[in-house]
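K.L.:
Below is the file target22.cif, with mmCIF, C-alpha atoms and all ligand atoms.
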```cif
data_structure
#
loop_
_atom_site.group_PDB
_atom_site.id
_atom_site.type_symbol
_atom_site.label_atom_id
_atom_site.label_comp_id
_atom_site.auth_asym_id
_atom_site.auth_seq_id
_atom_site.Cartn_x
_atom_site.Cartn_y
_atom_site.Cartn_z
ATOM 1 C CA MET Q 21 50.069 126.937 66.667
ATOM 2 C CA THR Q 22 47.091 125.297 68.337
ATOM 3 C CA VAL Q 23 43.499 126.320 67.828
ATOM 4 C CA LEU Q 24 41.908 126.583 71.274
ATOM 5 C CA LEU Q 25 38.445 127.742 70.223
ATOM 6 C CA GLU Q 26 36.689 127.275 66.939
ATOM 7 C CA VAL Q 27 33.308 128.750 66.099
ATOM 8 C CA ARG Q 28 31.717 126.727 63.322
ATOM 9 C CA SER Q 29 28.947 128.147 61.165
ATOM 10 C CA PHE Q 30 27.016 129.809 63.965
ATOM 11 C CA SER Q 31 23.580 131.134 63.033
ATOM 12 C CA LYS Q 32 20.958 132.806 65.159
ATOM 13 C CA GLY Q 33 17.764 134.648 64.350
ATOM 14 C CA PHE Q 34 15.490 136.696 66.575
ATOM 15 C CA GLY Q 35 12.109 136.733 64.896
ATOM 16 C CA GLY Q 36 12.817 138.205 61.482
ATOM 17 C CA VAL Q 37 16.303 139.485 62.401
ATOM 18 C CA ARG Q 38 19.206 137.344 61.186
ATOM 19 C CA ALA Q 39 21.570 138.352 63.986
ATOM 20 C CA VAL Q 40 24.294 135.834 63.120
ATOM 21 C CA GLN Q 41 24.505 134.002 59.809
ATOM 22 C CA GLY Q 42 27.100 131.336 59.221
ATOM 23 C CA CYS Q 43 29.748 132.924 61.391
ATOM 24 C CA SER Q 44 33.030 130.992 61.690
ATOM 25 C CA PHE Q 45 36.400 131.845 63.153
ATOM 26 C CA ALA Q 46 39.217 130.371 65.220
ATOM 27 C CA VAL Q 47 41.142 131.561 68.266
ATOM 28 C CA GLU Q 48 44.746 130.429 68.600
ATOM 29 C CA GLU Q 49 45.976 129.327 71.985
ATOM 30 C CA GLY Q 50 48.097 132.058 73.558
ATOM 31 C CA SER Q 51 46.613 134.908 71.525
ATOM 32 C CA VAL Q 52 44.735 138.025 72.517
ATOM 33 C CA THR Q 53 42.172 137.951 69.721
ATOM 34 C CA ALA Q 54 39.747 140.809 69.128
ATOM 35 C CA LEU Q 55 36.197 140.425 67.855
ATOM 36 C CA ILE Q 56 35.075 143.760 66.469
ATOM 37 C CA GLY Q 57 32.334 145.074 64.197
ATOM 38 C CA PRO Q 58 29.767 147.843 63.954
ATOM 39 C CA ASN Q 59 26.892 147.969 66.425
ATOM 40 C CA GLY Q 60 24.430 145.199 65.742
ATOM 41 C CA SER Q 61 26.933 143.052 63.830
ATOM 42 C CA GLY Q 62 26.365 140.107 66.191
ATOM 43 C CA LYS Q 63 29.329 140.184 68.595
ATOM 44 C CA THR Q 64 27.324 139.807 71.795
ATOM 45 C CA THR Q 65 25.126 137.133 70.263
ATOM 46 C CA VAL Q 66 28.241 135.169 69.241
ATOM 47 C CA PHE Q 67 29.678 135.506 72.770
ATOM 48 C CA ASN Q 68 26.409 134.293 74.231
ATOM 49 C CA MET Q 69 26.329 131.293 71.917
ATOM 50 C CA ILE Q 70 29.971 130.325 72.555
ATOM 51 C CA THR Q 71 29.370 130.286 76.288
ATOM 52 C CA GLY Q 72 25.975 128.620 76.079
ATOM 53 C CA TYR Q 73 23.899 131.488 77.455
ATOM 54 C CA LEU Q 74 22.033 131.438 74.174
ATOM 55 C CA GLY Q 75 21.241 128.412 72.024
ATOM 56 C CA ALA Q 76 22.412 128.601 68.410
ATOM 57 C CA ASP Q 77 19.955 127.841 65.583
ATOM 58 C CA ALA Q 78 22.840 126.151 63.789
ATOM 59 C CA GLY Q 79 26.538 125.586 64.216
ATOM 60 C CA SER Q 80 28.769 124.417 67.010
ATOM 61 C CA VAL Q 81 31.767 125.390 69.027
ATOM 62 C CA ARG Q 82 34.967 123.430 69.521
ATOM 63 C CA PHE Q 83 36.936 124.190 72.659
ATOM 64 C CA ALA Q 84 40.178 122.473 73.660
ATOM 65 C CA GLY Q 85 39.536 119.591 71.306
ATOM 66 C CA THR Q 86 35.903 118.891 72.238
ATOM 67 C CA GLU Q 87 32.938 119.848 70.095
ATOM 68 C CA TYR Q 88 29.860 121.305 71.771
ATOM 69 C CA ARG Q 89 26.578 121.537 69.914
ATOM 70 C CA LYS Q 90 24.774 122.800 72.994
ATOM 71 C CA PRO Q 91 27.456 124.452 75.128
ATOM 72 C CA ASP Q 92 26.655 124.566 78.832
ATOM 73 C CA PRO Q 93 28.052 127.602 80.705
ATOM 74 C CA ALA Q 94 28.824 125.683 83.921
ATOM 75 C CA LEU Q 95 30.519 122.804 82.113
ATOM 76 C CA LEU Q 96 32.637 125.100 79.957
ATOM 77 C CA TYR Q 97 33.574 127.086 83.049
ATOM 78 C CA ARG Q 98 34.907 123.950 84.694
ATOM 79 C CA ARG Q 99 36.790 123.092 81.524
ATOM 80 C CA GLY Q 100 38.506 126.454 81.428
ATOM 81 C CA LEU Q 101 36.335 128.799 79.366
ATOM 82 C CA THR Q 102 35.189 131.822 81.368
ATOM 83 C CA ARG Q 103 33.765 135.218 80.486
ATOM 84 C CA THR Q 104 32.978 138.658 81.746
ATOM 85 C CA PHE Q 105 29.889 140.699 80.888
ATOM 86 C CA GLN Q 106 29.361 144.255 79.613
ATOM 87 C CA GLN Q 107 27.730 145.007 82.941
ATOM 88 C CA ALA Q 108 29.924 143.191 85.458
ATOM 89 C CA ARG Q 109 28.024 140.289 86.999
ATOM 90 C CA ILE Q 110 29.118 140.094 90.593
ATOM 91 C CA PHE Q 111 27.136 139.552 93.775
ATOM 92 C CA GLY Q 112 26.578 143.002 95.262
ATOM 93 C CA SER Q 113 25.638 141.715 98.693
ATOM 94 C CA LEU Q 114 28.806 139.615 99.019
ATOM 95 C CA SER Q 115 32.188 141.054 99.882
ATOM 96 C CA VAL Q 116 34.790 141.372 97.171
ATOM 97 C CA ARG Q 117 36.718 138.403 98.590
ATOM 98 C CA GLU Q 118 33.550 136.312 98.849
ATOM 99 C CA ASN Q 119 32.853 137.021 95.177
ATOM 100 C CA LEU Q 120 36.209 135.569 94.238
ATOM 101 C CA VAL Q 121 35.842 132.566 96.520
ATOM 102 C CA ALA Q 122 32.373 131.875 95.071
ATOM 103 C CA ALA Q 123 33.841 132.024 91.559
ATOM 104 C CA ALA Q 124 36.243 129.181 92.367
ATOM 105 C CA GLY Q 125 33.138 127.034 92.152
ATOM 106 C CA HIS Q 126 34.151 124.515 94.817
ATOM 107 C CA ARG Q 127 31.765 122.767 97.138
ATOM 108 C CA TRP Q 128 33.551 122.428 100.437
ATOM 109 C CA THR Q 129 32.393 119.043 101.556
ATOM 110 C CA GLY Q 130 34.109 116.209 103.339
ATOM 111 C CA LEU Q 131 37.342 116.108 105.230
ATOM 112 C CA LEU Q 132 39.232 118.248 102.764
ATOM 113 C CA GLY Q 133 36.617 120.996 102.953
ATOM 114 C CA PRO Q 134 38.335 123.362 105.365
ATOM 115 C CA ARG Q 135 41.647 123.016 103.609
ATOM 116 C CA ALA Q 136 40.070 123.719 100.217
ATOM 117 C CA ALA Q 137 38.277 126.736 101.653
ATOM 118 C CA ARG Q 138 41.551 128.098 102.998
ATOM 119 C CA ALA Q 139 43.243 127.529 99.650
ATOM 120 C CA ASP Q 140 40.464 129.399 97.816
ATOM 121 C CA ARG Q 141 40.679 132.301 100.249
ATOM 122 C CA ALA Q 142 44.459 132.465 99.889
ATOM 123 C CA ARG Q 143 44.168 132.472 96.120
ATOM 124 C CA ALA Q 144 41.467 135.147 96.272
ATOM 125 C CA ASP Q 145 43.690 137.335 98.435
ATOM 126 C CA GLU Q 146 46.603 136.831 96.065
ATOM 127 C CA LEU Q 147 44.484 137.926 93.105
ATOM 128 C CA LEU Q 148 43.042 140.887 95.011
ATOM 129 C CA GLU Q 149 46.562 142.015 95.873
ATOM 130 C CA ASP Q 150 47.568 141.695 92.251
ATOM 131 C CA PHE Q 151 44.507 143.649 91.091
ATOM 132 C CA GLY Q 152 45.041 146.437 93.619
ATOM 133 C CA LEU Q 153 41.826 145.492 95.405
ATOM 134 C CA ALA Q 154 43.318 144.114 98.633
ATOM 135 C CA ALA Q 155 42.062 147.072 100.654
ATOM 136 C CA LYS Q 156 38.545 146.345 99.342
ATOM 137 C CA ALA Q 157 38.521 142.628 100.172
ATOM 138 C CA ASP Q 158 35.902 142.988 102.922
ATOM 139 C CA VAL Q 159 33.887 145.717 101.202
ATOM 140 C CA LYS Q 160 30.525 144.765 99.710
ATOM 141 C CA ALA Q 161 30.924 144.456 95.956
ATOM 142 C CA ALA Q 162 27.920 146.767 95.521
ATOM 143 C CA ASP Q 163 29.993 149.557 97.072
ATOM 144 C CA LEU Q 164 32.764 149.363 94.482
ATOM 145 C CA SER Q 165 33.088 151.959 91.747
ATOM 146 C CA TYR Q 166 31.970 150.937 88.253
ATOM 147 C CA GLY Q 167 35.560 150.329 87.114
ATOM 148 C CA GLN Q 168 36.423 148.416 90.284
ATOM 149 C CA ARG Q 169 33.415 146.155 89.718
ATOM 150 C CA LYS Q 170 34.815 145.294 86.310
ATOM 151 C CA LEU Q 171 38.221 144.587 87.841
ATOM 152 C CA CYS Q 172 36.595 142.456 90.536
ATOM 153 C CA GLU Q 173 34.758 140.418 87.901
ATOM 154 C CA PHE Q 174 37.987 140.000 85.936
ATOM 155 C CA ALA Q 175 39.804 138.781 89.057
ATOM 156 C CA ALA Q 176 36.887 136.459 89.854
ATOM 157 C CA VAL Q 177 36.953 134.686 86.493
ATOM 158 C CA LEU Q 178 40.650 133.981 87.048
ATOM 159 C CA MET Q 179 39.818 131.966 90.173
ATOM 160 C CA ALA Q 180 38.906 129.048 87.925
ATOM 161 C CA ASN Q 181 42.377 129.026 86.300
ATOM 162 C CA PRO Q 182 40.862 129.491 82.847
ATOM 163 C CA ARG Q 183 42.564 128.679 79.569
ATOM 164 C CA LEU Q 184 40.362 131.110 77.661
ATOM 165 C CA VAL Q 185 38.719 134.288 78.920
ATOM 166 C CA LEU Q 186 36.079 136.084 76.874
ATOM 167 C CA LEU Q 187 36.027 139.770 77.759
ATOM 168 C CA ASP Q 188 32.883 141.663 76.755
ATOM 169 C CA GLU Q 189 33.776 145.338 76.455
ATOM 170 C CA PRO Q 190 36.220 145.376 79.372
ATOM 171 C CA THR Q 191 36.848 149.120 79.140
ATOM 172 C CA ALA Q 192 33.370 150.415 78.244
ATOM 173 C CA GLY Q 193 32.534 153.336 80.508
ATOM 174 C CA VAL Q 194 35.731 153.206 82.570
ATOM 175 C CA ASN Q 195 38.245 156.035 82.981
ATOM 176 C CA PRO Q 196 41.583 156.204 81.110
ATOM 177 C CA VAL Q 197 43.585 155.016 84.124
ATOM 178 C CA MET Q 198 41.323 151.974 84.448
ATOM 179 C CA ILE Q 199 41.695 151.270 80.707
ATOM 180 C CA GLU Q 200 45.468 151.073 81.234
ATOM 181 C CA THR Q 201 44.946 148.870 84.276
ATOM 182 C CA MET Q 202 42.745 146.452 82.327
ATOM 183 C CA GLU Q 203 45.268 146.365 79.509
ATOM 184 C CA ARG Q 204 48.082 145.622 81.931
ATOM 185 C CA HIS Q 205 46.170 142.725 83.481
ATOM 186 C CA VAL Q 206 45.294 141.215 80.115
ATOM 187 C CA ARG Q 207 48.941 141.395 79.068
ATOM 188 C CA ALA Q 208 50.163 139.913 82.349
ATOM 189 C CA ARG Q 209 47.766 136.966 82.255
ATOM 190 C CA ASN Q 210 48.408 136.415 78.574
ATOM 191 C CA ALA Q 211 52.145 136.234 79.345
ATOM 192 C CA GLN Q 212 51.248 133.439 81.790
ATOM 193 C CA GLY Q 213 49.503 131.543 79.017
ATOM 194 C CA VAL Q 214 45.862 132.638 79.264
ATOM 195 C CA THR Q 215 44.183 133.151 75.876
ATOM 196 C CA PHE Q 216 41.750 136.055 75.421
ATOM 197 C CA LEU Q 217 38.901 136.803 73.037
ATOM 198 C CA VAL Q 218 37.905 140.431 73.446
ATOM 199 C CA VAL Q 219 34.912 142.436 72.242
ATOM 200 C CA GLU Q 220 36.010 146.032 72.536
ATOM 201 C CA HIS Q 221 35.025 149.371 71.025
ATOM 202 C CA ASP Q 222 38.182 151.261 71.962
ATOM 203 C CA MET Q 223 39.996 150.887 68.622
ATOM 204 C CA PRO Q 224 43.373 152.289 69.725
ATOM 205 C CA LEU Q 225 43.336 149.701 72.527
ATOM 206 C CA VAL Q 226 42.354 146.887 70.164
ATOM 207 C CA MET Q 227 45.108 147.873 67.749
ATOM 208 C CA ARG Q 228 47.864 147.831 70.371
ATOM 209 C CA LEU Q 229 46.663 144.872 72.441
ATOM 210 C CA CYS Q 230 45.094 142.364 70.060
ATOM 211 C CA ASP Q 231 46.395 140.192 67.274
ATOM 212 C CA PRO Q 232 44.650 138.912 65.279
ATOM 213 C CA VAL Q 233 41.538 141.023 64.857
ATOM 214 C CA ILE Q 234 38.355 139.343 63.593
ATOM 215 C CA VAL Q 235 35.741 141.604 62.049
ATOM 216 C CA LEU Q 236 32.024 140.826 61.964
ATOM 217 C CA ASP Q 237 29.470 142.560 59.827
ATOM 218 C CA ARG Q 238 25.812 141.589 59.667
ATOM 219 C CA GLY Q 239 26.453 138.346 61.485
ATOM 220 C CA ARG Q 240 29.321 137.158 59.316
ATOM 221 C CA THR Q 241 33.097 137.161 59.607
ATOM 222 C CA ILE Q 242 34.236 139.563 56.914
ATOM 223 C CA ALA Q 243 37.951 139.807 57.733
ATOM 224 C CA THR Q 244 40.670 138.385 59.958
ATOM 225 C CA GLY Q 245 44.150 139.822 60.161
ATOM 226 C CA THR Q 246 46.746 141.776 62.027
ATOM 227 C CA PRO Q 247 45.713 145.227 63.285
ATOM 228 C CA ALA Q 248 47.646 146.792 60.388
ATOM 229 C CA GLU Q 249 45.882 144.586 57.830
ATOM 230 C CA ILE Q 250 42.456 145.256 59.304
ATOM 231 C CA GLN Q 251 42.906 149.020 59.306
ATOM 232 C CA THR Q 252 43.468 149.086 55.568
ATOM 233 C CA ASP Q 253 40.987 146.353 54.580
ATOM 234 C CA ALA Q 254 38.437 147.773 52.149
ATOM 235 C CA ARG Q 255 35.623 145.488 53.419
ATOM 236 C CA VAL Q 256 36.240 146.594 56.978
ATOM 237 C CA LEU Q 257 36.273 150.284 56.108
ATOM 238 C CA ASP Q 258 33.100 149.733 54.135
ATOM 239 C CA ALA Q 259 31.391 147.970 57.053
ATOM 240 C CA TYR Q 260 32.219 150.797 59.451
ATOM 241 C CA LEU Q 261 31.689 153.707 57.075
ATOM 242 C CA GLY Q 262 29.099 152.272 54.677
ATOM 243 C CA ASP Q 263 25.297 152.379 54.912
HETATM 244 P P1 LIG M 1 26.615 143.628 68.674
HETATM 245 O O1 LIG M 1 27.028 142.987 69.947
HETATM 246 O O2 LIG M 1 27.626 143.447 67.579
HETATM 247 O O3 LIG M 1 26.229 145.070 68.819
HETATM 248 P P2 LIG M 1 24.250 141.972 68.880
HETATM 249 O O4 LIG M 1 24.726 140.573 68.924
HETATM 250 O O5 LIG M 1 23.883 142.619 70.163
HETATM 251 O O6 LIG M 1 25.330 142.874 68.106
HETATM 252 O O7 LIG M 1 22.987 142.082 67.937
HETATM 253 C C1 LIG M 1 22.936 141.545 66.613
HETATM 254 C C2 LIG M 1 21.548 141.760 66.052
HETATM 255 O O8 LIG M 1 20.626 140.938 66.749
HETATM 256 C C3 LIG M 1 21.032 143.191 66.185
HETATM 257 O O9 LIG M 1 20.262 143.474 65.049
HETATM 258 C C4 LIG M 1 20.176 143.113 67.425
HETATM 259 O O10 LIG M 1 19.180 144.100 67.385
HETATM 260 C C5 LIG M 1 19.607 141.713 67.352
HETATM 261 N N1 LIG M 1 19.342 141.122 68.664
HETATM 262 C C6 LIG M 1 20.270 140.782 69.601
HETATM 263 N N2 LIG M 1 19.690 140.217 70.679
HETATM 264 C C7 LIG M 1 18.356 140.204 70.436
HETATM 265 C C8 LIG M 1 17.206 139.735 71.169
HETATM 266 N N3 LIG M 1 17.323 139.172 72.361
HETATM 267 N N4 LIG M 1 16.000 139.890 70.576
HETATM 268 C C9 LIG M 1 15.881 140.440 69.367
HETATM 269 N N5 LIG M 1 16.905 140.890 68.615
HETATM 270 C C10 LIG M 1 18.138 140.779 69.133
#
```
When written as structure tokens, how does the structure in this file appear?
Ligand code: ADP
P.N.:
Amino acid sequence: MTVLLEVRSFSKGFGGVRAVQGCSFAVEEGSVTALIGPNGSGKTTVFNMITGYLGADAGSVRFAGTEYRKPDPALLYRRGLTRTFQQARIFGSLSVRENLVAAAGHRWTGLLGPRAARADRARADELLEDFGLAAKADVKAADLSYGQRKLCEFAAVLMANPRLVLLDEPTAGVNPVMIETMERHVRARNAQGVTFLVVEHDMPLVMRLCDPVIVLDRGRTIATGTPAEIQTDARVLDAYLGD
């Protein structure tokens, strides 16, 4: 098995709050790995540091064999590490198709420009078909439902042909049908070789979709294991039920 992403001794403080303290873990290529933990345990901060949206006080990240002390979101994106956000970040004034085309990140210059543009549009349409959003291709993204916005963002991050996708609460606030849809898309892309690291509060979903499960508490990794192992781990139960 190959480690695709390694978080090495991440630490981050906000004023007096030690949000993340010496957090380390690895994500195997081909896995759907969960990152769970009680509210305030540091999951979002870790996501933000991996992707370079937030500078770490200490630690580094290793992705696909390269170590990054100051990860840069745009560079990592080009190298195959993409993410979604709790509140989907899409351009409301652009159409759904334009959002996907923009996410491909190409600058259409030179003689090959028109051909590249056509290729991006074709790929966008293929993804929209696959995500059941074909009928919405020309609709402004702002006019999508909350769940559809999340789907649109998911489809958009796939435009870059990522190796690793970080999903930040993909099913938060969406209806049960959309939860199943999200799950189906994660499984389908994973079967095609895309690795996922998922922050998710829906524990039944985590337990059936993810393996392994990494548990954070107070900014540290306190357990890593299969869903079955995690559910019976005394430290994990303590973290969720303690205090
Ligand atoms: P989680 O995603 O697991 O709920 P977070 O990473 O959001 O946890 O937060 C970890 C800790 O860091 C919490 O105590 C939170 O209040 C604090 N924190 C996160 N972001 C900030 C910030 N920008 N400023 C101050 N404190 C923050």
K.L.:
How big is the axis-aligned box around the listed atoms of ligand LIG 1 (chain M) once 5 Å is added on each side, and where is its centre? Give both in Å to one decimal, as JSON.
P.N.:
```
{"center_x": 21.8, "center_y": 142.1, "center_z": 68.7, "size_x": 21.7, "size_y": 15.9, "size_z": 17.3}
```
K.L.:
Please identify the residues whose atoms come within 12 Å of ligand LIG 1 (chain M), using all atoms listed in the file, and report them as a PDB file with C-alpha atoms, keeping the file's coordinate frame.
P.N.:
```pdb
ATOM      1  CA  SER Q  31      23.580 131.134  63.033  1.00  0.00           C
ATOM      2  CA  LYS Q  32      20.958 132.806  65.159  1.00  0.00           C
ATOM      3  CA  GLY Q  33      17.764 134.648  64.350  1.00  0.00           C
ATOM      4  CA  PHE Q  34      15.490 136.696  66.575  1.00  0.00           C
ATOM      5  CA  GLY Q  35      12.109 136.733  64.896  1.00  0.00           C
ATOM      6  CA  GLY Q  36      12.817 138.205  61.482  1.00  0.00           C
ATOM      7  CA  VAL Q  37      16.303 139.485  62.401  1.00  0.00           C
ATOM      8  CA  ARG Q  38      19.206 137.344  61.186  1.00  0.00           C
ATOM      9  CA  ALA Q  39      21.570 138.352  63.986  1.00  0.00           C
ATOM     10  CA  VAL Q  40      24.294 135.834  63.120  1.00  0.00           C
ATOM     11  CA  GLN Q  41      24.505 134.002  59.809  1.00  0.00           C
ATOM     12  CA  CYS Q  43      29.748 132.924  61.391  1.00  0.00           C
ATOM     13  CA  LEU Q  55      36.197 140.425  67.855  1.00  0.00           C
ATOM     14  CA  ILE Q  56      35.075 143.760  66.469  1.00  0.00           C
ATOM     15  CA  GLY Q  57      32.334 145.074  64.197  1.00  0.00           C
ATOM     16  CA  PRO Q  58      29.767 147.843  63.954  1.00  0.00           C
ATOM     17  CA  ASN Q  59      26.892 147.969  66.425  1.00  0.00           C
ATOM     18  CA  GLY Q  60      24.430 145.199  65.742  1.00  0.00           C
ATOM     19  CA  SER Q  61      26.933 143.052  63.830  1.00  0.00           C
ATOM     20  CA  GLY Q  62      26.365 140.107  66.191  1.00  0.00           C
ATOM     21  CA  LYS Q  63      29.329 140.184  68.595  1.00  0.00           C
ATOM     22  CA  THR Q  64      27.324 139.807  71.795  1.00  0.00           C
ATOM     23  CA  THR Q  65      25.126 137.133  70.263  1.00  0.00           C
ATOM     24  CA  VAL Q  66      28.241 135.169  69.241  1.00  0.00           C
ATOM     25  CA  PHE Q  67      29.678 135.506  72.770  1.00  0.00           C
ATOM     26  CA  ASN Q  68      26.409 134.293  74.231  1.00  0.00           C
ATOM     27  CA  MET Q  69      26.329 131.293  71.917  1.00  0.00           C
ATOM     28  CA  TYR Q  73      23.899 131.488  77.455  1.00  0.00           C
ATOM     29  CA  LEU Q  74      22.033 131.438  74.174  1.00  0.00           C
ATOM     30  CA  GLY Q  75      21.241 128.412  72.024  1.00  0.00           C
ATOM     31  CA  PHE Q 105      29.889 140.699  80.888  1.00  0.00           C
ATOM     32  CA  GLN Q 106      29.361 144.255  79.613  1.00  0.00           C
ATOM     33  CA  ASP Q 188      32.883 141.663  76.755  1.00  0.00           C
ATOM     34  CA  GLU Q 189      33.776 145.338  76.455  1.00  0.00           C
ATOM     35  CA  VAL Q 218      37.905 140.431  73.446  1.00  0.00           C
ATOM     36  CA  VAL Q 219      34.912 142.436  72.242  1.00  0.00           C
ATOM     37  CA  GLU Q 220      36.010 146.032  72.536  1.00  0.00           C
ATOM     38  CA  HIS Q 221      35.025 149.371  71.025  1.00  0.00           C
ATOM     39  CA  VAL Q 235      35.741 141.604  62.049  1.00  0.00           C
ATOM     40  CA  LEU Q 236      32.024 140.826  61.964  1.00  0.00           C
ATOM     41  CA  ASP Q 237      29.470 142.560  59.827  1.00  0.00           C
ATOM     42  CA  ARG Q 238      25.812 141.589  59.667  1.00  0.00           C
ATOM     43  CA  GLY Q 239      26.453 138.346  61.485  1.00  0.00           C
ATOM     44  CA  ARG Q 240      29.321 137.158  59.316  1.00  0.00           C
ATOM     45  CA  THR Q 241      33.097 137.161  59.607  1.00  0.00           C
ATOM     46  CA  TYR Q 260      32.219 150.797  59.451  1.00  0.00           C
TER      47      TYR Q 260
END
```
K.L.:
Quick one: which residues end up in the PyMOL selection byres (((chain Q and resi 80) around 7) and not hetatm) for this structure, as JSON, numbers by chain?
P.N.:
{"Q": [27, 28, 29, 30, 78, 79, 81, 82, 87, 88, 89]}
K.L.:
Using all atoms listed in the file, pick whichever of Q:Lys170, Q:Arg183, Q:Arg141, Q:Arg204 has the shortest atom-to-atom distance to Q:Ala122.
P.N.:
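Smallest distance to Q:Ala122 is found for Q:Arg141.
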K.L.:
Write out as a list in words which residues come within 7 Å of Q:Phe83 when counting all atoms listed in the file, dropping same-chain ones fewer than 4 positions away.
P.N.:
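Listed by chain and then number, they are Leu24, Leu25, Glu26 and Glu87 of chain Q.
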K.L.:
Just give me the gap between atom CA of Q:Asp163 and atom CA of Q:Ile110 in Å, one decimal is fine.
P.N.:
11.5 Å
K.L.:
Give the answer as one residue: which of Q:Thr215, Q:Thr191, Q:Thr201, Q:Thr104 has the shortest atom-to-atom distance to Q:Ala84, using all atoms listed in the file?
P.N.:
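Checking each of Q:Thr215, Q:Thr191, Q:Thr201, Q:Thr104 against Q:Ala84, counting all atoms listed in the file, the winner is Q:Thr215.
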K.L.:
Pick out the closest residue to Q:Lys90 from this set: Q:Ser165, Q:Thr252, Q:Thr53, Q:Thr71. Count all atoms listed in the file.
P.N.:
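Among the listed residues, the smallest separation from Q:Lys90 belongs to Q:Thr71.
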K.L.:
Please determine, counting only C-alpha atoms, which residue among Q:Val116, Q:Asp145, Q:Phe174, Q:Val185 has the shortest atom-to-atom distance to Q:Asp158.
P.N.:
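Nearest candidate to Q:Asp158 out of Q:Val116, Q:Asp145, Q:Phe174, Q:Val185: Q:Val116.
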K.L.:
Apply the PyMOL selection byres (((chain Q and resi 152) around 12) and not hetatm) to the displayed file and report the matching residues as a list in words.
P.N.:
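Residues picked by the PyMOL selection byres (((chain Q and resi 152) around 12) and not hetatm): Val116, Asp145, Glu146, Leu147, Leu148, Glu149, Asp150, Phe151, Leu153, Ala154, Ala155, Lys156, Ala157, Gln168, Leu171, Cys172, Ala175, Met198, Thr201, Met202 and His205 of chain Q.
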K.L.:
Go through the shown structure with the PyMOL selection byres (((chain Q and resi 123) around 10) and not hetatm) and write out the matching residues as a ChimeraX atom specification.
P.N.:
/Q:97,110,117-122,124-126,140,144,173,175-180
K.L.:
Keeping only C-alpha atoms, write those residues as a PDB file, in the frame of the given file.
P.N.:
```pdb
ATOM      1  CA  TYR Q  97      33.574 127.086  83.049  1.00  0.00           C
ATOM      2  CA  ILE Q 110      29.118 140.094  90.593  1.00  0.00           C
ATOM      3  CA  ARG Q 117      36.718 138.403  98.590  1.00  0.00           C
ATOM      4  CA  GLU Q 118      33.550 136.312  98.849  1.00  0.00           C
ATOM      5  CA  ASN Q 119      32.853 137.021  95.177  1.00  0.00           C
ATOM      6  CA  LEU Q 120      36.209 135.569  94.238  1.00  0.00           C
ATOM      7  CA  VAL Q 121      35.842 132.566  96.520  1.00  0.00           C
ATOM      8  CA  ALA Q 122      32.373 131.875  95.071  1.00  0.00           C
ATOM      9  CA  ALA Q 124      36.243 129.181  92.367  1.00  0.00           C
ATOM     10  CA  GLY Q 125      33.138 127.034  92.152  1.00  0.00           C
ATOM     11  CA  HIS Q 126      34.151 124.515  94.817  1.00  0.00           C
ATOM     12  CA  ASP Q 140      40.464 129.399  97.816  1.00  0.00           C
ATOM     13  CA  ALA Q 144      41.467 135.147  96.272  1.00  0.00           C
ATOM     14  CA  GLU Q 173      34.758 140.418  87.901  1.00  0.00           C
ATOM     15  CA  ALA Q 175      39.804 138.781  89.057  1.00  0.00           C
ATOM     16  CA  ALA Q 176      36.887 136.459  89.854  1.00  0.00           C
ATOM     17  CA  VAL Q 177      36.953 134.686  86.493  1.00  0.00           C
ATOM     18  CA  LEU Q 178      40.650 133.981  87.048  1.00  0.00           C
ATOM     19  CA  MET Q 179      39.818 131.966  90.173  1.00  0.00           C
ATOM     20  CA  ALA Q 180      38.906 129.048  87.925  1.00  0.00           C
TER      21      ALA Q 180
END
```
K.L.:
One number please: atom CA of Q:Leu187 to atom CA of Q:Phe216, in Å, one decimal.
P.N.:
7.2 Å
K.L.:
Take atom CA of Q:Ala254 and atom CA of Q:Met227 and report the distance between them in Å, one decimal.
P.N.:
17.0 Å
K.L.:
Under the rule that all atoms listed in the file are counted, which of Q:Val159, Q:Asn195, Q:Tyr166, Q:Arg207 is the nearest residue to Q:Ser115?
P.N.:
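Checking each candidate against Q:Ser115, we get Q:Val159 as the closest.
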K.L.:
What residues have an atom no more than 6 Å from (40.6, 141.5, 62.7) in the file's own frame, counting all atoms listed in the file, and can you write them as a PyMOL selection string?
P.N.:
chain Q and resi 232-235+243-245+250
